[in-house]
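J.: Next comes work_17.csv, CSV, C-alpha atoms:
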chain,number,residue,atom,x,y,z
W,75,MET,CA,-31.1,14.2,-6.8
W,76,PRO,CA,-27.7,14.6,-8.4
W,77,HIS,CA,-24.8,12.4,-7.2
W,78,ASP,CA,-21.4,13.8,-6.3
W,79,SER,CA,-19.0,12.1,-8.7
W,80,ALA,CA,-16.0,14.0,-7.7
W,81,SER,CA,-12.9,11.8,-7.0
W,82,PRO,CA,-11.5,11.8,-3.4
W,83,ALA,CA,-8.8,14.4,-2.9
W,84,LEU,CA,-5.2,13.1,-3.1
W,85,PRO,CA,-2.6,14.0,-0.5
W,86,MET,CA,-0.8,17.2,-1.4
W,87,ASP,CA,2.6,15.3,-1.6
W,88,THR,CA,1.4,12.7,-4.1
W,89,ASP,CA,3.4,12.9,-7.3
W,90,LEU,CA,1.4,11.3,-10.1
W,91,SER,CA,4.3,11.8,-12.5
W,92,ALA,CA,6.8,9.9,-10.4
W,93,PRO,CA,7.9,6.6,-12.1
W,94,PRO,CA,7.7,3.4,-10.1
W,95,GLU,CA,10.8,2.3,-8.2
W,96,ARG,CA,13.1,0.5,-10.7
W,97,VAL,CA,14.6,-2.8,-9.7
W,98,PRO,CA,18.3,-3.1,-10.6
W,99,GLY,CA,18.7,-5.0,-13.9
W,100,LEU,CA,20.9,-8.0,-14.8
W,101,VAL,CA,23.9,-6.0,-15.9
W,102,GLU,CA,23.9,-3.9,-12.7
W,103,THR,CA,23.6,-7.0,-10.6
W,104,LEU,CA,26.5,-8.7,-12.4
W,105,LEU,CA,28.5,-5.6,-11.9
W,106,CYS,CA,27.7,-5.8,-8.1
W,107,ILE,CA,29.0,-9.4,-8.1
W,108,LEU,CA,32.2,-8.4,-9.9
W,109,GLY,CA,32.5,-5.5,-7.6
W,110,TYR,CA,32.4,-7.7,-4.6
W,111,PHE,CA,35.3,-9.8,-5.9
W,112,ALA,CA,37.2,-6.6,-6.9
W,113,LEU,CA,36.8,-5.4,-3.4
W,114,GLN,CA,38.2,-8.6,-2.1
W,115,PHE,CA,41.2,-8.2,-4.4
W,116,GLY,CA,41.7,-4.6,-3.4
W,117,PHE,CA,41.3,-5.1,0.4
W,118,GLY,CA,43.4,-8.3,0.2
W,119,GLY,CA,46.3,-6.4,-1.4
W,120,LEU,CA,45.9,-3.5,1.1
W,121,PHE,CA,45.8,-5.6,4.3
W,122,GLY,CA,48.4,-8.0,2.9
W,123,THR,CA,50.8,-5.1,2.3
W,124,LEU,CA,50.2,-3.7,5.8
W,125,SER,CA,50.8,-7.1,7.3
W,126,GLN,CA,54.2,-7.4,5.6
W,127,LEU,CA,55.2,-3.8,6.6
W,128,ILE,CA,54.2,-4.4,10.3
W,129,SER,CA,56.1,-7.8,10.4
W,130,ARG,CA,59.2,-6.1,9.1
W,131,GLN,CA,59.0,-3.3,11.6
W,132,PHE,CA,58.2,-5.5,14.5
W,133,PRO,CA,59.5,-9.0,13.6
W,134,GLN,CA,59.5,-10.3,17.2
W,135,SER,CA,56.1,-9.0,18.1
W,136,VAL,CA,53.8,-10.3,15.4
W,137,PRO,CA,52.6,-13.8,14.8
W,138,GLY,CA,53.9,-16.0,12.0
W,139,ALA,CA,52.9,-15.6,8.3
W,140,PRO,CA,50.0,-18.2,8.4
W,141,ASP,CA,48.3,-16.5,11.4
W,142,ARG,CA,48.8,-13.1,9.8
W,143,LEU,CA,47.2,-14.4,6.6
W,144,ILE,CA,44.1,-15.4,8.5
W,145,VAL,CA,43.8,-11.8,9.9
W,146,VAL,CA,44.1,-10.5,6.4
W,147,VAL,CA,41.4,-12.9,5.2
W,148,ILE,CA,39.0,-11.9,8.0
W,149,LEU,CA,39.5,-8.2,7.5
W,150,THR,CA,39.2,-8.5,3.7
W,151,LEU,CA,36.0,-10.5,3.9
W,152,VAL,CA,34.3,-8.3,6.5
W,153,CYS,CA,35.1,-5.1,4.7
W,154,SER,CA,34.1,-6.4,1.3
W,155,ALA,CA,30.9,-7.9,2.6
W,156,ALA,CA,29.9,-4.8,4.5
W,157,ILE,CA,30.3,-2.5,1.5
W,158,THR,CA,28.6,-5.0,-0.9
W,159,ILE,CA,25.5,-5.6,1.4
W,160,ALA,CA,25.2,-1.9,2.1
W,161,VAL,CA,25.2,-1.0,-1.6
W,162,LEU,CA,22.7,-3.7,-2.5
W,163,VAL,CA,20.2,-2.9,0.3
W,164,ARG,CA,20.4,0.8,-0.5
W,165,ARG,CA,20.0,0.1,-4.3
W,166,TRP,CA,17.0,-2.2,-3.7
W,167,GLY,CA,15.4,0.3,-1.3
W,168,ALA,CA,12.0,-0.8,0.0
W,169,ARG,CA,12.1,-4.0,-2.1
W,170,ALA,CA,15.0,-5.3,0.1
W,171,THR,CA,12.4,-6.3,2.6
W,172,GLU,CA,10.1,-7.9,0.1
W,173,GLY,CA,10.0,-11.7,-0.6
W,174,GLY,CA,8.3,-11.7,-3.9
W,175,LEU,CA,9.6,-11.9,-7.5
W,176,SER,CA,11.6,-8.7,-7.4
W,177,GLY,CA,12.4,-8.5,-3.7
W,178,LEU,CA,15.8,-9.0,-2.1
W,179,GLY,CA,14.3,-11.4,0.5
W,180,PHE,CA,15.0,-9.8,3.9
W,181,THR,CA,11.7,-11.1,5.2
W,182,PRO,CA,10.9,-13.1,8.4
W,183,PRO,CA,11.3,-16.8,7.7
W,184,ASP,CA,8.8,-19.6,8.5
W,185,GLY,CA,10.1,-22.0,11.2
W,186,ARG,CA,9.5,-25.1,9.1
W,187,HIS,CA,11.6,-23.6,6.3
W,188,ILE,CA,14.4,-22.9,8.7
W,189,ALA,CA,14.2,-26.5,10.0
W,190,PHE,CA,14.2,-27.9,6.4
W,191,ALA,CA,17.1,-25.6,5.5
W,192,THR,CA,19.1,-27.0,8.4
W,193,VAL,CA,18.6,-30.5,7.2
W,194,LEU,CA,19.7,-29.5,3.7
W,195,GLY,CA,22.7,-27.8,5.2
W,196,PHE,CA,23.8,-31.1,6.7
W,197,ALA,CA,22.9,-33.1,3.6
W,198,ALA,CA,24.7,-30.8,1.1
W,199,PRO,CA,28.3,-31.6,2.1
W,200,ILE,CA,27.5,-35.3,2.3
W,201,LEU,CA,25.9,-35.5,-1.1
W,202,GLY,CA,28.3,-33.1,-2.6
W,203,GLY,CA,31.3,-34.9,-1.1
W,204,LEU,CA,30.1,-38.2,-2.7
W,205,LEU,CA,29.6,-36.4,-6.0
W,206,THR,CA,33.1,-34.8,-5.9
W,207,SER,CA,34.8,-38.0,-5.0
W,208,TRP,CA,33.2,-39.8,-7.9
W,209,LEU,CA,34.1,-37.0,-10.4
W,210,ALA,CA,37.6,-36.5,-8.9
W,211,GLY,CA,38.6,-40.1,-9.2
W,212,GLY,CA,40.6,-40.1,-6.0
W,213,HIS,CA,42.2,-36.7,-6.4
W,214,ASP,CA,42.3,-34.4,-3.4
W,215,VAL,CA,40.1,-31.3,-3.4
W,216,SER,CA,40.5,-28.4,-1.1
W,217,GLN,CA,39.4,-24.7,-1.1
W,218,ALA,CA,41.9,-22.0,-0.5
W,219,VAL,CA,40.5,-21.0,2.8
W,220,SER,CA,40.9,-24.5,4.1
W,221,ASP,CA,44.5,-24.5,3.0
W,222,ILE,CA,45.1,-21.3,4.9
W,223,ALA,CA,43.4,-22.7,8.0
W,224,ASP,CA,45.5,-25.9,8.0
W,225,LYS,CA,48.7,-23.9,8.3
W,226,ALA,CA,47.6,-21.7,11.2
W,227,HIS,CA,47.4,-22.2,14.9
W,228,VAL,CA,44.2,-23.6,16.3
W,229,GLY,CA,43.2,-20.2,17.9
W,230,MET,CA,43.4,-18.5,14.6
W,231,ARG,CA,41.4,-21.2,12.9
W,232,ALA,CA,38.7,-20.6,15.5
W,233,ALA,CA,38.8,-16.9,14.7
W,234,LEU,CA,38.3,-17.7,11.1
W,235,VAL,CA,35.1,-19.8,11.7
W,236,PRO,CA,32.7,-16.8,12.1
W,237,ALA,CA,33.9,-15.3,8.9
W,238,ALA,CA,33.5,-18.6,7.0
W,239,VAL,CA,30.2,-19.6,8.6
W,240,VAL,CA,28.4,-16.2,8.9
W,241,VAL,CA,30.0,-13.4,6.9
W,242,GLY,CA,30.8,-15.3,3.7
W,243,PRO,CA,27.4,-17.1,3.4
W,244,LEU,CA,25.5,-13.9,4.2
W,245,VAL,CA,27.1,-11.7,1.5
W,246,GLU,CA,27.0,-14.6,-1.0
W,247,GLU,CA,23.3,-15.2,-0.3
W,248,VAL,CA,22.5,-11.5,-0.7
W,249,LEU,CA,24.4,-11.5,-4.0
W,250,PHE,CA,23.3,-14.8,-5.6
W,251,ARG,CA,20.0,-15.7,-4.0
W,252,GLY,CA,18.9,-12.1,-3.4
W,253,ALA,CA,19.9,-9.8,-6.2
W,254,PHE,CA,21.0,-12.2,-9.0
W,255,LEU,CA,18.2,-14.7,-8.5
W,256,ALA,CA,15.6,-11.9,-8.5
W,257,THR,CA,16.8,-10.4,-11.8
W,258,LEU,CA,16.9,-13.9,-13.4
W,259,ARG,CA,13.4,-14.8,-12.2
W,260,ALA,CA,12.0,-11.8,-14.0
W,261,ARG,CA,13.5,-13.0,-17.2
W,262,MET,CA,13.3,-16.8,-17.3
W,263,GLY,CA,11.0,-18.0,-14.5
W,264,ASP,CA,11.8,-19.9,-11.3
W,265,GLY,CA,13.2,-23.1,-12.8
W,266,GLY,CA,15.7,-21.4,-15.2
W,267,ALA,CA,16.6,-18.8,-12.6
W,268,ILE,CA,17.4,-21.4,-10.0
W,269,ALA,CA,19.6,-23.4,-12.4
W,270,VAL,CA,21.5,-20.5,-13.9
W,271,SER,CA,22.1,-18.8,-10.5
W,272,ALA,CA,23.4,-22.1,-9.1
W,273,ALA,CA,25.7,-22.7,-12.0
W,274,VAL,CA,27.2,-19.2,-11.8
W,275,PHE,CA,27.6,-19.6,-8.0
W,276,GLY,CA,29.6,-22.7,-8.6
W,277,LEU,CA,31.8,-21.3,-11.4
W,278,VAL,CA,32.8,-18.1,-9.5
W,279,HIS,CA,34.4,-20.3,-6.9
W,280,LEU,CA,36.8,-22.0,-9.4
W,281,PRO,CA,39.8,-19.8,-8.4
W,282,ASP,CA,39.3,-20.8,-4.8
W,283,LEU,CA,39.3,-24.4,-5.9
W,284,ASP,CA,42.6,-24.1,-7.8
W,285,TRP,CA,40.5,-24.4,-11.1
W,286,LEU,CA,39.6,-28.0,-10.4
W,287,TRP,CA,36.4,-28.4,-12.4
W,288,TYR,CA,35.3,-31.5,-10.6
W,289,ALA,CA,34.8,-29.6,-7.4
W,290,VAL,CA,32.3,-27.2,-8.9
W,291,PRO,CA,29.2,-29.6,-9.0
W,292,ASN,CA,29.4,-29.7,-5.2
W,293,LEU,CA,28.9,-26.0,-5.0
W,294,VAL,CA,26.3,-26.0,-7.7
W,295,LEU,CA,24.3,-28.4,-5.5
W,296,VAL,CA,24.5,-26.0,-2.6
W,297,GLY,CA,23.4,-23.2,-5.0
W,298,LEU,CA,20.4,-25.3,-6.1
W,299,PHE,CA,19.3,-26.0,-2.5
W,300,CYS,CA,19.7,-22.4,-1.5
W,301,ALA,CA,17.9,-20.9,-4.6
W,302,TRP,CA,15.0,-23.4,-4.3
W,303,LEU,CA,14.7,-22.4,-0.6
W,304,ARG,CA,14.7,-18.7,-1.5
W,305,VAL,CA,11.9,-19.2,-4.0
W,306,ARG,CA,9.9,-21.6,-1.9
W,307,SER,CA,10.1,-19.7,1.4
W,308,ARG,CA,10.0,-16.1,0.0
W,309,SER,CA,12.8,-15.3,2.4
W,310,LEU,CA,16.6,-15.1,2.1
W,311,TRP,CA,17.2,-16.6,5.6
W,312,PRO,CA,16.5,-20.3,5.0
W,313,ALA,CA,19.0,-20.2,2.1
W,314,PHE,CA,21.5,-18.5,4.5
W,315,VAL,CA,21.0,-21.2,7.1
W,316,THR,CA,21.7,-24.0,4.5
W,317,HIS,CA,24.8,-22.2,3.3
W,318,ALA,CA,26.0,-21.5,6.9
W,319,VAL,CA,25.5,-25.1,8.1
W,320,ASN,CA,27.2,-26.4,4.9
W,321,ASN,CA,30.2,-24.2,5.6
W,322,ALA,CA,30.2,-25.1,9.3
W,323,MET,CA,30.5,-28.7,8.4
W,324,ALA,CA,33.5,-27.9,6.3
W,325,THR,CA,35.2,-26.0,9.2
W,326,VAL,CA,35.0,-29.1,11.4
W,327,GLY,CA,37.8,-30.6,9.4
W,328,TRP,CA,40.1,-27.7,10.3
W,329,PHE,CA,40.3,-29.1,13.8
W,330,MET,CA,40.6,-32.8,13.0
W,331,ARG,CA,43.8,-32.7,11.0
Before we go any further, please render this structure as structure tokens.

T.:
Amino acid sequence: MPHDSASPALPMDTDLSAPPERVPGLVETLLCILGYFALQFGFGGLFGTLSQLISRQFPQSVPGAPDRLIVVVILTLVCSAAITIAVLVRRWGARATEGGLSGLGFTPPDGRHIAFATVLGFAAPILGGLLTSWLAGGHDVSQAVSDIADKAHVGMRAALVPAAVVVGPLVEEVLFRGAFLATLRARMGDGGAIAVSAAVFGLVHLPDLDWLWYAVPNLVLVGLFCAWLRVRSRSLWPAFVTHAVNNAMATVGWFMR
């Protein structure tokens, strides 16, 4: 009896000629990183100019310059982060929710990875602080955001905390441990990708550190922890937790000076 060797019918909307979804390449990802900092520059100039205009029109009704600067920083960070994350998620498409080699990492985390990430978040500023003190040889090291917070009233410092602890870490994790790390892993494997992404993460913060090179290894250490967690957990969220806890530890100093 003859066998029916015909292949199963394919759905009518199946397009066999459609190419597989392309993951953004290294150049495109680097342009996204540059675009994020360009957005910060643009929004910072816009909101800074508006702040000055309002203060001139209503000098008795607006807070002092340090407090206004915090408002400018918050608005700049939120707007830049929102646009950057939206672009990346849209560009990655379905791969944004994948945790594998080419995924962005928006996948549910494992509880043990979150717990370990929290421990690393507390350990990073301690180990990084010791490393920076050794390299700095007694010189003071401070980031621009901390200098801004020190000059503002305590209420405005509190208002800056969510931006520093949540918004900043989220967009930087999506950029560096999501997009950038994914493109590097496809080219040089996990070890090289972790090292390179951490080094770049540290170097891009040099302007905020007043170009003090001996403060960079501290941020490289944070980058190493976060990148390793992203690879190990197959999720972006443990890396975000480490970054957020690290930043939260730094903000404690704003209220103790």

J.: For the atom pair atom CA of W:Thr158 and atom CA of W:Phe111, what is the interatomic distance in Å to one decimal place?

T.: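 Answer for the atom CA of W:Thr158 to atom CA of W:Phe111 separation: 9.6 Å.
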
J.: Please determine, counting all atoms listed in the file, which residue among W:Asn292, W:Thr325, W:Ser271, W:Ser125 has the shortest atom-to-atom distance to W:Ala198.

T.: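 Among W:Asn292, W:Thr325, W:Ser271, W:Ser125, it is W:Asn292 that comes nearest to W:Ala198.
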
J.: Please identify all polymer residues within 10 Å of W:Ala260, counting all atoms listed in the file, omitting same-chain residues fewer than 5 positions from it, and present them as a PyMOL selection string.

T.: chain W and resi 99-100+175-176+255+267

J.: Compare W:Ala313, W:Ala238, W:Val274, W:Leu178 by their minimum atom-to-atom distance to W:Ala218, counting all atoms listed in the file, and give me the closest one.

T.: W:Ala238

J.: Compare W:Leu295, W:Ala210, W:Leu108, W:Leu120 by their minimum atom-to-atom distance to W:Gly276, counting all atoms listed in the file, and give me the closest one.

T.: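 Using all atoms listed in the file, the shortest distance to W:Gly276 belongs to W:Leu295.
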
J.: Closest to W:Ala318 among W:Pro183, W:Pro140, W:Gly242, W:Gly202, using all atoms listed in the file?

T.: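 Checking each candidate against W:Ala318, we get W:Gly242 as the closest.
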
J.: Taking all atoms listed in the file into account, which of W:His317, W:His187, W:Arg306, W:Arg231 comes nearest W:Val245?

T.: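 The answer is W:His317, which sits nearest to W:Val245.
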
J.: Save stretch 273-312 of chain W to a file: N, CA and C atoms, as a PDB file, in the first residue's frame.

T.:
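So the final result, stored in decode_27.pdb, reads:
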ATOM      1  N   ALA W 273      35.065  47.368  31.442  1.00  0.00           N
ATOM      2  CA  ALA W 273      36.059  48.422  31.228  1.00  0.00           C
ATOM      3  C   ALA W 273      35.424  49.651  30.570  1.00  0.00           C
ATOM      4  N   VAL W 274      34.602  49.422  29.562  1.00  0.00           N
ATOM      5  CA  VAL W 274      33.931  50.542  28.892  1.00  0.00           C
ATOM      6  C   VAL W 274      32.981  51.242  29.856  1.00  0.00           C
ATOM      7  N   PHE W 275      32.279  50.466  30.657  1.00  0.00           N
ATOM      8  CA  PHE W 275      31.360  51.036  31.654  1.00  0.00           C
ATOM      9  C   PHE W 275      32.098  51.969  32.601  1.00  0.00           C
ATOM     10  N   GLY W 276      33.281  51.566  33.037  1.00  0.00           N
ATOM     11  CA  GLY W 276      34.061  52.417  33.924  1.00  0.00           C
ATOM     12  C   GLY W 276      34.563  53.666  33.228  1.00  0.00           C
ATOM     13  N   LEU W 277      35.024  53.523  32.003  1.00  0.00           N
ATOM     14  CA  LEU W 277      35.625  54.646  31.289  1.00  0.00           C
ATOM     15  C   LEU W 277      34.614  55.724  30.923  1.00  0.00           C
ATOM     16  N   VAL W 278      33.376  55.332  30.604  1.00  0.00           N
ATOM     17  CA  VAL W 278      32.404  56.351  30.203  1.00  0.00           C
ATOM     18  C   VAL W 278      32.001  57.242  31.375  1.00  0.00           C
ATOM     19  N   HIS W 279      32.333  56.831  32.596  1.00  0.00           N
ATOM     20  CA  HIS W 279      32.012  57.651  33.769  1.00  0.00           C
ATOM     21  C   HIS W 279      33.137  58.630  34.126  1.00  0.00           C
ATOM     22  N   LEU W 280      34.212  58.622  33.350  1.00  0.00           N
ATOM     23  CA  LEU W 280      35.330  59.518  33.659  1.00  0.00           C
ATOM     24  C   LEU W 280      34.924  60.987  33.753  1.00  0.00           C
ATOM     25  N   PRO W 281      34.092  61.511  32.847  1.00  0.00           N
ATOM     26  CA  PRO W 281      33.696  62.920  32.993  1.00  0.00           C
ATOM     27  C   PRO W 281      32.998  63.204  34.314  1.00  0.00           C
ATOM     28  N   ASP W 282      32.170  62.270  34.791  1.00  0.00           N
ATOM     29  CA  ASP W 282      31.491  62.460  36.077  1.00  0.00           C
ATOM     30  C   ASP W 282      32.456  62.406  37.249  1.00  0.00           C
ATOM     31  N   LEU W 283      33.617  61.813  37.021  1.00  0.00           N
ATOM     32  CA  LEU W 283      34.625  61.673  38.068  1.00  0.00           C
ATOM     33  C   LEU W 283      35.699  62.746  37.957  1.00  0.00           C
ATOM     34  N   ASP W 284      35.416  63.792  37.181  1.00  0.00           N
ATOM     35  CA  ASP W 284      36.375  64.872  36.969  1.00  0.00           C
ATOM     36  C   ASP W 284      37.682  64.333  36.385  1.00  0.00           C
ATOM     37  N   TRP W 285      37.586  63.269  35.576  1.00  0.00           N
ATOM     38  CA  TRP W 285      38.711  62.656  34.870  1.00  0.00           C
ATOM     39  C   TRP W 285      39.774  62.102  35.823  1.00  0.00           C
ATOM     40  N   LEU W 286      39.349  61.686  36.996  1.00  0.00           N
ATOM     41  CA  LEU W 286      40.281  61.069  37.951  1.00  0.00           C
ATOM     42  C   LEU W 286      40.356  59.573  37.663  1.00  0.00           C
ATOM     43  N   TRP W 287      41.437  59.157  37.017  1.00  0.00           N
ATOM     44  CA  TRP W 287      41.537  57.774  36.538  1.00  0.00           C
ATOM     45  C   TRP W 287      41.475  56.754  37.667  1.00  0.00           C
ATOM     46  N   TYR W 288      41.968  57.139  38.851  1.00  0.00           N
ATOM     47  CA  TYR W 288      42.030  56.151  39.929  1.00  0.00           C
ATOM     48  C   TYR W 288      40.664  55.852  40.538  1.00  0.00           C
ATOM     49  N   ALA W 289      39.622  56.547  40.093  1.00  0.00           N
ATOM     50  CA  ALA W 289      38.267  56.225  40.529  1.00  0.00           C
ATOM     51  C   ALA W 289      37.590  55.228  39.585  1.00  0.00           C
ATOM     52  N   VAL W 290      38.186  55.001  38.421  1.00  0.00           N
ATOM     53  CA  VAL W 290      37.566  54.125  37.424  1.00  0.00           C
ATOM     54  C   VAL W 290      37.532  52.662  37.852  1.00  0.00           C
ATOM     55  N   PRO W 291      38.616  52.097  38.442  1.00  0.00           N
ATOM     56  CA  PRO W 291      38.566  50.680  38.822  1.00  0.00           C
ATOM     57  C   PRO W 291      37.393  50.314  39.718  1.00  0.00           C
ATOM     58  N   ASN W 292      36.955  51.239  40.557  1.00  0.00           N
ATOM     59  CA  ASN W 292      35.786  50.975  41.392  1.00  0.00           C
ATOM     60  C   ASN W 292      34.569  50.672  40.522  1.00  0.00           C
ATOM     61  N   LEU W 293      34.344  51.482  39.480  1.00  0.00           N
ATOM     62  CA  LEU W 293      33.213  51.269  38.598  1.00  0.00           C
ATOM     63  C   LEU W 293      33.413  50.050  37.704  1.00  0.00           C
ATOM     64  N   VAL W 294      34.654  49.763  37.347  1.00  0.00           N
ATOM     65  CA  VAL W 294      34.930  48.545  36.587  1.00  0.00           C
ATOM     66  C   VAL W 294      34.555  47.319  37.410  1.00  0.00           C
ATOM     67  N   LEU W 295      34.835  47.363  38.703  1.00  0.00           N
ATOM     68  CA  LEU W 295      34.473  46.254  39.581  1.00  0.00           C
ATOM     69  C   LEU W 295      32.954  46.053  39.604  1.00  0.00           C
ATOM     70  N   VAL W 296      32.212  47.149  39.712  1.00  0.00           N
ATOM     71  CA  VAL W 296      30.748  47.057  39.654  1.00  0.00           C
ATOM     72  C   VAL W 296      30.319  46.459  38.318  1.00  0.00           C
ATOM     73  N   GLY W 297      30.954  46.903  37.235  1.00  0.00           N
ATOM     74  CA  GLY W 297      30.632  46.380  35.916  1.00  0.00           C
ATOM     75  C   GLY W 297      30.907  44.891  35.794  1.00  0.00           C
ATOM     76  N   LEU W 298      32.003  44.431  36.396  1.00  0.00           N
ATOM     77  CA  LEU W 298      32.326  43.000  36.373  1.00  0.00           C
ATOM     78  C   LEU W 298      31.273  42.194  37.115  1.00  0.00           C
ATOM     79  N   PHE W 299      30.899  42.655  38.301  1.00  0.00           N
ATOM     80  CA  PHE W 299      29.865  41.972  39.076  1.00  0.00           C
ATOM     81  C   PHE W 299      28.561  41.882  38.284  1.00  0.00           C
ATOM     82  N   CYS W 300      28.140  43.014  37.713  1.00  0.00           N
ATOM     83  CA  CYS W 300      26.861  43.064  37.018  1.00  0.00           C
ATOM     84  C   CYS W 300      26.872  42.212  35.744  1.00  0.00           C
ATOM     85  N   ALA W 301      27.964  42.272  34.994  1.00  0.00           N
ATOM     86  CA  ALA W 301      28.050  41.491  33.758  1.00  0.00           C
ATOM     87  C   ALA W 301      28.077  39.992  34.065  1.00  0.00           C
ATOM     88  N   TRP W 302      28.811  39.615  35.097  1.00  0.00           N
ATOM     89  CA  TRP W 302      28.846  38.192  35.478  1.00  0.00           C
ATOM     90  C   TRP W 302      27.459  37.710  35.891  1.00  0.00           C
ATOM     91  N   LEU W 303      26.737  38.529  36.636  1.00  0.00           N
ATOM     92  CA  LEU W 303      25.381  38.163  37.054  1.00  0.00           C
ATOM     93  C   LEU W 303      24.451  38.025  35.852  1.00  0.00           C
ATOM     94  N   ARG W 304      24.589  38.934  34.888  1.00  0.00           N
ATOM     95  CA  ARG W 304      23.743  38.868  33.690  1.00  0.00           C
ATOM     96  C   ARG W 304      23.970  37.551  32.948  1.00  0.00           C
ATOM     97  N   VAL W 305      25.215  37.159  32.801  1.00  0.00           N
ATOM     98  CA  VAL W 305      25.520  35.917  32.098  1.00  0.00           C
ATOM     99  C   VAL W 305      25.083  34.709  32.915  1.00  0.00           C
ATOM    100  N   ARG W 306      25.371  34.737  34.191  1.00  0.00           N
ATOM    101  CA  ARG W 306      25.083  33.592  35.053  1.00  0.00           C
ATOM    102  C   ARG W 306      23.589  33.359  35.240  1.00  0.00           C
ATOM    103  N   SER W 307      22.840  34.432  35.420  1.00  0.00           N
ATOM    104  CA  SER W 307      21.417  34.312  35.733  1.00  0.00           C
ATOM    105  C   SER W 307      20.528  34.291  34.501  1.00  0.00           C
ATOM    106  N   ARG W 308      21.068  34.681  33.346  1.00  0.00           N
ATOM    107  CA  ARG W 308      20.292  34.802  32.113  1.00  0.00           C
ATOM    108  C   ARG W 308      19.168  35.825  32.262  1.00  0.00           C
ATOM    109  N   SER W 309      19.380  36.796  33.137  1.00  0.00           N
ATOM    110  CA  SER W 309      18.397  37.856  33.369  1.00  0.00           C
ATOM    111  C   SER W 309      19.120  39.155  33.674  1.00  0.00           C
ATOM    112  N   LEU W 310      18.502  40.257  33.288  1.00  0.00           N
ATOM    113  CA  LEU W 310      19.082  41.576  33.539  1.00  0.00           C
ATOM    114  C   LEU W 310      18.839  42.049  34.969  1.00  0.00           C
ATOM    115  N   TRP W 311      17.820  41.493  35.623  1.00  0.00           N
ATOM    116  CA  TRP W 311      17.388  42.025  36.916  1.00  0.00           C
ATOM    117  C   TRP W 311      18.376  41.827  38.059  1.00  0.00           C
ATOM    118  N   PRO W 312      19.077  40.709  38.173  1.00  0.00           N
ATOM    119  CA  PRO W 312      20.091  40.627  39.239  1.00  0.00           C
ATOM    120  C   PRO W 312      21.180  41.686  39.091  1.00  0.00           C
TER     121      PRO W 312
END
